[in-house]
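**Student:** Pasting work13.cif below, which is mmCIF, C-alpha atoms.
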```cif
data_query
#
loop_
_atom_site.label_atom_id
_atom_site.label_comp_id
_atom_site.auth_asym_id
_atom_site.auth_seq_id
_atom_site.Cartn_x
_atom_site.Cartn_y
_atom_site.Cartn_z
CA MET H 6 52.44 159.63 191.02
CA LEU H 7 51.88 156.28 192.68
CA ARG H 8 55.16 155.08 191.23
CA LEU H 9 56.97 157.93 192.99
CA VAL H 10 55.38 156.93 196.30
CA TYR H 11 56.71 153.38 195.88
CA ILE H 12 60.18 154.67 195.02
CA TYR H 13 60.31 157.13 197.93
CA TYR H 14 58.98 154.89 200.71
CA GLY H 15 60.18 151.57 199.37
CA THR H 16 63.67 152.48 198.13
CA LEU H 17 64.93 155.94 199.08
CA LEU H 18 64.03 156.00 202.77
CA PRO H 19 65.23 152.43 203.45
CA GLY H 20 68.39 153.19 201.47
CA TRP H 21 69.08 156.25 203.61
CA SER H 22 68.41 154.27 206.81
CA THR H 23 70.79 151.53 205.66
CA LEU H 24 73.49 154.08 204.83
CA ARG H 25 73.08 155.75 208.23
CA ALA H 26 73.28 152.40 210.05
CA VAL H 27 76.46 151.48 208.17
CA GLY H 28 78.00 154.91 208.74
CA GLN H 29 77.34 154.79 212.48
CA GLY H 30 78.44 151.16 212.81
CA GLN H 31 75.06 149.96 214.19
CA ARG H 32 75.49 146.23 213.62
CA HIS H 33 71.97 145.35 214.79
CA PHE H 34 70.29 147.73 212.33
CA ILE H 35 72.70 146.77 209.56
CA VAL H 36 71.50 143.17 209.84
CA LEU H 37 67.86 144.27 209.99
CA TRP H 38 68.15 146.43 206.88
CA LEU H 39 70.00 143.72 204.98
CA LYS H 40 67.05 141.43 205.70
CA TYR H 41 64.75 144.20 204.47
CA TRP H 42 66.55 144.30 201.12
CA VAL H 43 66.27 140.52 200.77
CA ILE H 44 62.50 140.72 201.30
CA PHE H 45 62.35 143.79 199.03
CA ALA H 46 64.02 141.89 196.18
CA LEU H 47 61.68 138.91 196.61
CA LEU H 48 58.60 141.14 196.68
CA GLN H 49 59.78 143.01 193.60
CA ALA H 50 60.12 139.73 191.72
CA LEU H 51 56.75 138.57 193.02
CA GLY H 52 55.21 141.93 192.10
CA VAL H 53 56.14 141.47 188.44
CA LEU H 54 54.20 138.20 188.39
CA THR H 55 51.17 139.53 190.29
CA ASP H 56 51.04 142.66 188.14
CA PHE H 57 50.84 140.49 185.06
CA LEU H 58 48.25 138.09 186.48
CA LEU H 59 46.14 140.35 188.70
CA GLY H 60 46.84 143.82 187.33
CA GLY H 61 43.45 144.02 185.59
CA LEU H 62 41.45 143.61 188.81
CA SER H 63 39.92 146.78 190.23
CA PHE H 64 40.95 146.22 193.83
CA TYR H 65 44.52 145.08 193.06
CA ALA H 66 46.19 148.50 193.08
CA GLY H 67 44.56 149.53 196.37
CA LEU H 68 45.36 146.18 198.05
CA LYS H 69 48.96 146.33 196.89
CA LEU H 70 49.34 149.89 198.23
CA ILE H 71 47.87 148.96 201.63
CA LEU H 72 50.16 145.93 202.00
CA SER H 73 53.16 147.98 200.90
CA MET H 74 52.38 150.73 203.41
CA GLY H 75 52.12 148.15 206.16
CA ILE H 76 55.63 146.96 205.34
CA TRP H 77 57.08 150.46 204.84
CA PHE H 78 55.96 151.94 208.15
CA SER H 79 56.89 148.87 210.20
CA ALA H 80 60.26 148.19 208.55
CA PRO H 81 62.77 146.86 209.33
CA TYR H 82 61.04 144.81 212.06
CA SER H 83 58.21 143.51 209.87
CA THR H 84 60.64 142.39 207.18
CA ASN H 85 62.77 140.80 209.88
CA HIS H 86 59.82 138.58 210.87
CA LEU H 87 59.13 137.78 207.22
CA TYR H 88 62.77 136.87 206.67
CA ASN H 89 62.82 134.60 209.74
CA LEU H 90 59.65 132.84 208.58
CA LEU H 91 61.09 132.42 205.12
CA ASP H 92 64.37 131.13 206.50
CA LYS H 93 62.61 128.68 208.83
CA HIS H 94 60.03 127.20 206.49
CA ALA H 95 61.13 127.85 202.91
CA MET H 96 64.92 127.75 202.79
CA GLY H 97 65.01 124.08 203.70
CA ILE H 98 62.92 123.36 200.60
CA PHE H 99 64.15 126.01 198.18
CA GLY H 100 67.71 126.34 199.49
CA PRO H 101 69.26 123.73 197.16
CA LEU H 102 67.28 125.19 194.25
CA VAL H 103 68.55 128.69 195.06
CA GLU H 104 72.16 127.47 195.27
CA GLU H 105 71.85 125.65 191.96
CA GLY H 106 70.35 128.71 190.34
CA PHE H 107 73.14 130.87 191.70
CA ARG H 108 75.82 128.55 190.30
CA TRP H 109 74.04 128.45 186.95
CA HIS H 110 73.81 132.24 186.87
CA GLU H 111 77.53 132.61 187.63
CA GLU H 112 78.43 130.16 184.87
CA VAL H 113 76.21 131.94 182.36
CA LYS H 114 77.62 135.33 183.34
CA ARG H 115 81.18 134.06 183.00
CA ASN H 116 80.49 132.58 179.56
CA ILE H 117 78.81 135.76 178.34
CA PHE H 118 81.74 137.84 179.57
CA ARG H 119 84.29 135.59 177.86
CA ASN H 120 82.33 135.64 174.61
CA PHE H 121 82.18 139.42 174.81
CA LEU H 122 85.96 139.62 175.24
CA GLN H 123 86.41 137.64 172.04
CA THR H 124 84.50 140.20 170.00
CA THR H 125 86.12 143.24 168.39
CA LEU H 126 84.30 145.63 170.71
CA GLY H 127 85.40 143.66 173.75
CA ALA H 128 89.03 143.69 172.63
CA VAL H 129 88.88 147.48 172.27
CA ILE H 130 87.12 148.21 175.56
CA MET H 131 88.70 145.56 177.81
CA PRO H 132 92.39 144.63 178.09
CA LYS H 133 93.33 141.10 177.20
CA ASP H 134 94.03 140.01 180.76
CA VAL H 135 90.76 141.25 182.30
CA ASP H 136 89.33 137.73 182.21
CA GLU H 137 91.99 136.72 184.73
CA GLN H 138 90.05 138.64 187.38
CA ALA H 139 87.52 135.81 187.47
CA SER H 140 90.25 133.40 188.57
CA GLU H 141 92.34 133.43 191.69
CA PRO H 142 94.68 136.42 192.10
CA GLN H 143 98.25 135.96 190.94
CA ILE H 144 100.88 136.40 193.66
CA ASN H 145 104.50 137.35 193.09
CA ASN H 146 106.17 134.93 195.49
CA HIS H 147 109.60 136.54 195.22
CA LEU H 148 108.26 140.01 196.00
CA LEU H 149 106.10 138.64 198.80
CA LYS H 150 109.10 136.90 200.44
CA LYS H 151 111.17 140.07 200.12
CA GLU H 152 108.49 142.21 201.71
CA LEU H 153 107.98 139.71 204.53
CA SER H 154 111.73 139.57 205.16
CA ASN H 155 111.95 143.35 205.34
CA LEU H 156 108.96 143.45 207.65
CA MET H 157 110.40 140.81 209.99
CA ALA H 158 113.78 142.62 210.04
CA GLN H 159 112.05 145.89 210.90
CA ILE H 160 110.07 144.21 213.66
CA GLY H 161 113.27 142.65 215.06
CA THR H 162 115.02 146.03 215.03
CA ASP H 163 112.13 147.73 216.77
CA LYS H 164 112.02 145.01 219.43
CA ALA H 165 115.78 145.29 220.05
CA ASP H 166 115.57 149.09 220.37
CA HIS H 167 112.64 148.80 222.74
CA ARG H 168 114.45 146.19 224.84
CA ARG H 169 117.62 148.32 225.08
CA GLN H 170 115.61 151.37 226.04
CA HIS H 171 113.74 149.38 228.69
CA GLU H 172 116.98 147.95 230.12
CA ARG H 173 118.56 151.42 230.18
CA SER H 174 115.61 152.85 232.08
CA MET H 175 115.63 149.91 234.51
CA ARG H 176 119.36 150.34 235.20
CA ARG H 177 118.88 154.05 235.71
CA TYR H 178 116.44 153.52 238.57
CA SER H 179 118.03 150.42 240.07
CA PRO H 180 119.56 150.65 243.62
CA GLN H 181 123.04 149.78 242.31
CA TYR H 182 122.90 152.58 239.78
CA LEU H 183 121.65 155.12 242.31
CA GLN H 184 124.34 154.09 244.82
CA ALA H 185 127.09 154.36 242.18
CA ALA H 186 125.80 157.78 241.12
CA GLU H 187 125.81 158.98 244.74
CA LEU H 188 129.40 157.75 245.30
CA SER H 189 130.51 159.43 242.10
CA GLN H 190 128.96 162.71 243.21
CA ARG H 191 130.63 162.51 246.64
CA SER H 192 134.01 161.81 245.04
CA GLY H 193 133.60 164.83 242.81
CA ASP H 194 132.72 167.04 245.76
CA GLN H 195 135.80 165.86 247.70
CA LEU H 196 138.08 166.53 244.74
CA LYS H 197 136.68 170.03 244.36
CA GLY H 198 137.18 170.76 248.09
CA GLY H 199 140.83 169.62 248.15
CA TYR H 200 141.91 171.27 244.91
CA LYS H 201 144.18 174.37 245.04
CA PRO H 202 144.53 176.79 242.15
CA SER H 203 147.83 176.65 240.26
CA SER H 204 148.37 180.42 240.57
CA ALA H 205 148.39 180.23 244.38
CA VAL H 206 150.89 177.42 244.31
CA ALA H 207 153.16 179.29 241.92
CA GLY H 208 153.14 182.44 244.08
CA HIS H 209 154.05 180.65 247.31
CA PRO H 210 157.74 181.03 248.19
CA LYS H 211 159.83 177.97 248.42
#
```
The structure given in the file should be rewritten as C-alpha coordinates.

**Tutor:**
Amino acid sequence: MLRLVYIYYGTLLPGWSTLRAVGQGQRHFIVLWLKYWVIFALLQALGVLTDFLLGGLSFYAGLKLILSMGIWFSAPYSTNHLYNLLDKHAMGIFGPLVEEGFRWHEEVKRNIFRNFLQTTLGAVIMPKDVDEQASEPQINNHLLKKELSNLMAQIGTDKADHRRQHERSMRRYSPQYLQAAELSQRSGDQLKGGYKPSSAVAGHPK
(Lines of atoms letter the chains of each structure in order from A and count residues from 1; the text may use other names and numbers.)
(Lines give C-alpha, C1' and ligand atoms only; values in the text may rest on other atoms or scores of the structure.)
Protein backbone atom coordinates (compact mmCIF):
# COMPACT_ATOMS: atom_id res chain seq x y z
CA MET A 1 0.00 0.00 0.00
CA LEU A 2 2.79 2.39 0.88
CA ARG A 3 4.45 1.57 -2.43
CA LEU A 4 1.31 2.71 -4.27
CA VAL A 5 1.37 6.02 -2.39
CA TYR A 6 4.96 6.62 -3.52
CA ILE A 7 4.07 5.76 -7.12
CA TYR A 8 0.96 7.96 -7.19
CA TYR A 9 2.36 11.09 -5.53
CA GLY A 10 5.96 10.74 -6.62
CA THR A 11 5.54 9.61 -10.23
CA LEU A 12 2.01 9.76 -11.64
CA LEU A 13 0.97 13.23 -10.47
CA PRO A 14 4.29 14.88 -11.40
CA GLY A 15 4.19 13.06 -14.74
CA TRP A 16 0.71 14.41 -15.45
CA SER A 17 1.78 17.93 -14.43
CA THR A 18 4.81 17.71 -16.72
CA LEU A 19 2.67 16.50 -19.62
CA ARG A 20 0.18 19.33 -19.07
CA ALA A 21 2.95 21.95 -18.94
CA VAL A 22 4.44 20.63 -22.18
CA GLY A 23 1.05 20.45 -23.88
CA GLN A 24 0.18 24.04 -22.94
CA GLY A 25 3.65 25.36 -23.79
CA GLN A 26 4.32 26.70 -20.26
CA ARG A 27 8.09 27.12 -20.51
CA HIS A 28 8.50 28.17 -16.86
CA PHE A 29 6.76 25.06 -15.52
CA ILE A 30 8.49 22.83 -18.05
CA VAL A 31 11.86 23.90 -16.63
CA LEU A 32 10.61 23.46 -13.06
CA TRP A 33 9.33 19.94 -13.70
CA LEU A 34 12.50 18.96 -15.51
CA LYS A 35 14.41 19.98 -12.39
CA TYR A 36 11.96 17.90 -10.36
CA TRP A 37 12.79 14.79 -12.40
CA VAL A 38 16.52 15.38 -11.92
CA ILE A 39 16.05 15.51 -8.14
CA PHE A 40 13.65 12.55 -8.34
CA ALA A 41 16.27 10.42 -10.09
CA LEU A 42 18.96 11.38 -7.56
CA LEU A 43 16.66 10.62 -4.62
CA GLN A 44 15.69 7.28 -6.13
CA ALA A 45 19.35 6.33 -6.41
CA LEU A 46 20.01 7.58 -2.89
CA GLY A 47 16.94 5.72 -1.62
CA VAL A 48 18.34 2.39 -2.79
CA LEU A 49 21.45 3.00 -0.66
CA THR A 50 19.55 4.23 2.42
CA ASP A 51 17.07 1.36 2.19
CA PHE A 52 19.95 -1.08 2.31
CA LEU A 53 21.81 0.67 5.13
CA LEU A 54 18.97 2.07 7.26
CA GLY A 55 15.99 -0.07 6.25
CA GLY A 56 16.11 -2.09 9.49
CA LEU A 57 15.60 0.95 11.74
CA SER A 58 12.12 1.39 13.18
CA PHE A 59 11.79 5.09 12.44
CA TYR A 60 13.23 4.94 8.90
CA ALA A 61 9.98 4.25 7.03
CA GLY A 62 8.08 7.02 8.83
CA LEU A 63 10.92 9.55 8.36
CA LYS A 64 11.21 8.70 4.68
CA LEU A 65 7.45 9.13 4.19
CA ILE A 66 7.42 12.52 5.95
CA LEU A 67 10.34 13.83 3.89
CA SER A 68 8.76 12.51 0.70
CA MET A 69 5.43 14.17 1.49
CA GLY A 70 7.22 17.45 2.11
CA ILE A 71 8.71 17.25 -1.38
CA TRP A 72 5.52 16.02 -3.07
CA PHE A 73 3.20 18.75 -1.80
CA SER A 74 5.68 21.57 -2.40
CA ALA A 75 6.89 20.44 -5.83
CA PRO A 76 8.08 21.74 -8.19
CA TYR A 77 9.29 24.74 -6.14
CA SER A 78 10.99 22.72 -3.42
CA THR A 79 12.86 20.60 -5.96
CA ASN A 80 13.79 23.80 -7.79
CA HIS A 81 15.56 25.05 -4.65
CA LEU A 82 17.24 21.68 -4.18
CA TYR A 83 18.40 21.69 -7.79
CA ASN A 84 19.82 25.21 -7.47
CA LEU A 85 21.69 24.27 -4.30
CA LEU A 86 23.03 21.16 -5.96
CA ASP A 87 24.06 23.10 -9.05
CA LYS A 88 25.76 25.81 -6.98
CA HIS A 89 27.69 23.70 -4.49
CA ALA A 90 28.01 20.19 -5.89
CA MET A 91 28.29 20.42 -9.66
CA GLY A 92 31.60 22.22 -9.47
CA ILE A 93 33.01 19.24 -7.56
CA PHE A 94 31.11 16.35 -9.13
CA GLY A 95 30.60 17.83 -12.60
CA PRO A 96 33.78 16.37 -14.16
CA LEU A 97 33.03 13.03 -12.48
CA VAL A 98 29.50 13.04 -13.89
CA GLU A 99 30.76 13.86 -17.40
CA GLU A 100 33.36 11.10 -17.22
CA GLY A 101 30.75 8.64 -16.03
CA PHE A 102 28.43 9.65 -18.84
CA ARG A 103 31.13 9.10 -21.47
CA TRP A 104 32.02 5.75 -19.93
CA HIS A 105 28.37 4.71 -19.94
CA GLU A 106 27.96 5.66 -23.61
CA GLU A 107 31.07 3.69 -24.56
CA VAL A 108 29.90 0.63 -22.64
CA LYS A 109 26.44 0.84 -24.18
CA ARG A 110 27.88 1.14 -27.67
CA ASN A 111 30.17 -1.86 -27.14
CA ILE A 112 27.34 -3.98 -25.75
CA PHE A 113 25.13 -3.06 -28.70
CA ARG A 114 27.85 -3.93 -31.22
CA ASN A 115 28.54 -7.24 -29.52
CA PHE A 116 24.84 -8.01 -29.58
CA LEU A 117 24.68 -7.33 -33.32
CA GLN A 118 27.43 -9.87 -33.89
CA THR A 119 25.40 -12.65 -32.28
CA THR A 120 22.94 -14.83 -34.20
CA LEU A 121 19.96 -13.35 -32.36
CA GLY A 122 21.13 -9.82 -33.11
CA ALA A 123 21.54 -10.61 -36.81
CA VAL A 124 17.96 -11.91 -36.92
CA ILE A 125 16.35 -9.07 -34.97
CA MET A 126 18.40 -6.10 -36.22
CA PRO A 127 19.37 -5.29 -39.81
CA LYS A 128 23.04 -5.18 -40.60
CA ASP A 129 23.22 -1.41 -40.97
CA VAL A 130 21.50 -0.52 -37.68
CA ASP A 131 24.87 0.16 -36.06
CA GLU A 132 25.30 3.06 -38.46
CA GLN A 133 22.69 4.97 -36.46
CA ALA A 134 25.30 5.55 -33.76
CA SER A 135 27.46 7.45 -36.25
CA GLU A 136 26.71 10.64 -38.11
CA PRO A 137 23.81 10.48 -40.58
CA GLN A 138 24.70 9.78 -44.20
CA ILE A 139 23.68 12.52 -46.65
CA ASN A 140 23.06 12.04 -50.34
CA ASN A 141 24.84 15.11 -51.69
CA HIS A 142 23.49 14.73 -55.22
CA LEU A 143 19.89 14.49 -54.04
CA LEU A 144 20.42 17.35 -51.60
CA LYS A 145 21.79 19.63 -54.36
CA LYS A 146 18.90 18.70 -56.64
CA GLU A 147 16.32 19.47 -53.99
CA LEU A 148 17.99 22.77 -53.12
CA SER A 149 18.12 23.74 -56.80
CA ASN A 150 14.43 22.98 -57.24
CA LEU A 151 13.63 24.93 -54.09
CA MET A 152 15.63 27.97 -55.20
CA ALA A 153 14.01 27.85 -58.67
CA GLN A 154 10.56 27.71 -57.08
CA ILE A 155 11.40 30.63 -54.81
CA GLY A 156 12.67 32.64 -57.80
CA THR A 157 9.49 31.91 -59.75
CA ASP A 158 7.29 32.92 -56.84
CA LYS A 159 9.23 36.16 -56.38
CA ALA A 160 8.95 37.00 -60.09
CA ASP A 161 5.19 36.34 -60.09
CA HIS A 162 4.75 38.45 -56.98
CA ARG A 163 6.81 41.29 -58.48
CA ARG A 164 4.81 41.25 -61.74
CA GLN A 165 1.55 41.23 -59.85
CA HIS A 166 2.71 44.13 -57.68
CA GLU A 167 3.86 46.15 -60.72
CA ARG A 168 0.56 45.47 -62.49
CA SER A 169 -1.43 46.69 -59.50
CA MET A 170 0.79 49.77 -59.17
CA ARG A 171 0.34 50.64 -62.86
CA ARG A 172 -3.39 50.17 -62.56
CA TYR A 173 -3.70 52.85 -59.90
CA SER A 174 -1.03 55.22 -61.19
CA PRO A 175 -2.09 58.71 -62.47
CA GLN A 176 -0.78 57.95 -65.97
CA TYR A 177 -2.85 54.80 -66.18
CA LEU A 178 -6.00 56.50 -64.91
CA GLN A 179 -5.54 59.40 -67.34
CA ALA A 180 -5.02 57.03 -70.29
CA ALA A 181 -8.10 55.04 -69.29
CA GLU A 182 -10.18 58.22 -69.11
CA LEU A 183 -8.99 59.38 -72.56
CA SER A 184 -9.76 55.97 -74.00
CA GLN A 185 -13.26 56.09 -72.57
CA ARG A 186 -13.88 59.58 -73.98
CA SER A 187 -12.67 58.51 -77.41
CA GLY A 188 -15.03 55.56 -77.35
CA ASP A 189 -17.95 57.78 -76.40
CA GLN A 190 -17.18 60.21 -79.25
CA LEU A 191 -16.99 57.38 -81.78
CA LYS A 192 -20.32 56.02 -80.62
CA GLY A 193 -21.97 59.47 -80.88
CA GLY A 194 -20.73 60.13 -84.45
CA TYR A 195 -21.46 56.68 -85.86
CA LYS A 196 -24.40 56.22 -88.29
CA PRO A 197 -25.99 52.86 -88.99
CA SER A 198 -25.23 51.35 -92.41
CA SER A 199 -28.94 50.76 -93.15
CA ALA A 200 -29.72 54.48 -92.89
CA VAL A 201 -26.89 55.33 -95.20
CA ALA A 202 -28.00 52.75 -97.75
CA GLY A 203 -31.59 54.03 -97.77
CA HIS A 204 -30.66 57.68 -98.33
CA PRO A 205 -31.10 58.74 -101.96
CA LYS A 206 -28.12 59.92 -103.85

**Student:** Take atom CA of H:Arg25 and atom CA of H:Phe45 and report the distance between them in Å, one decimal.

**Tutor:**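 Atom CA of H:Phe45 lies at a distance of 18.5 Å from atom CA of H:Arg25.
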
**Student:** Rounded to one decimal, what separation in Å do you get between atom CA of H:Ile44 and atom CA of H:Trp77?

**Tutor:** 11.7 Å

**Student:** What is the distance between atom CA of H:Thr162 and atom CA of H:Lys150, in Å to one decimal?

**Tutor:**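 About the pair atom CA of H:Thr162 and atom CA of H:Lys150: they are 18.2 Å apart.
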
**Student:** Need to verify the contact set: H:Val36, 12 Å, all atoms listed in the file, exclusion of same-chain residues closer than 2 positions in sequence. Can you return it as a count of residues only?

**Tutor:** 20

**Student:** Of the candidates H:Gln170, H:Asn155, H:Asn146, H:Thr16, which shows the shortest atom-to-atom distance to H:Gln49, using only C-alpha atoms?

**Tutor:**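 Comparing H:Gln170, H:Asn155, H:Asn146, H:Thr16 against H:Gln49, the winner is H:Thr16.
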
**Student:** Set the distance at 12 Å and use all atoms listed in the file: which residues neighbour stretch 55-69 of chain H once local chain neighbours fewer than 6 positions away are removed? I'd like the list as a list in words.

**Tutor:**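 Listing them by chain and then by number gives Leu7, Arg8, Tyr11, Leu48, Gln49, Gly75 and Ile76 of chain H.
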
**Student:** Report as a list of chain:residue names all protein, DNA and RNA residues lying within 12 Å of H:Phe78, evaluated on only C-alpha atoms, omitting residues in the same chain fewer than 6 positions from it.

**Tutor:** H:Tyr14, H:Gly15, H:Leu18, H:Pro19, H:Ile71, H:Leu72, H:Thr84
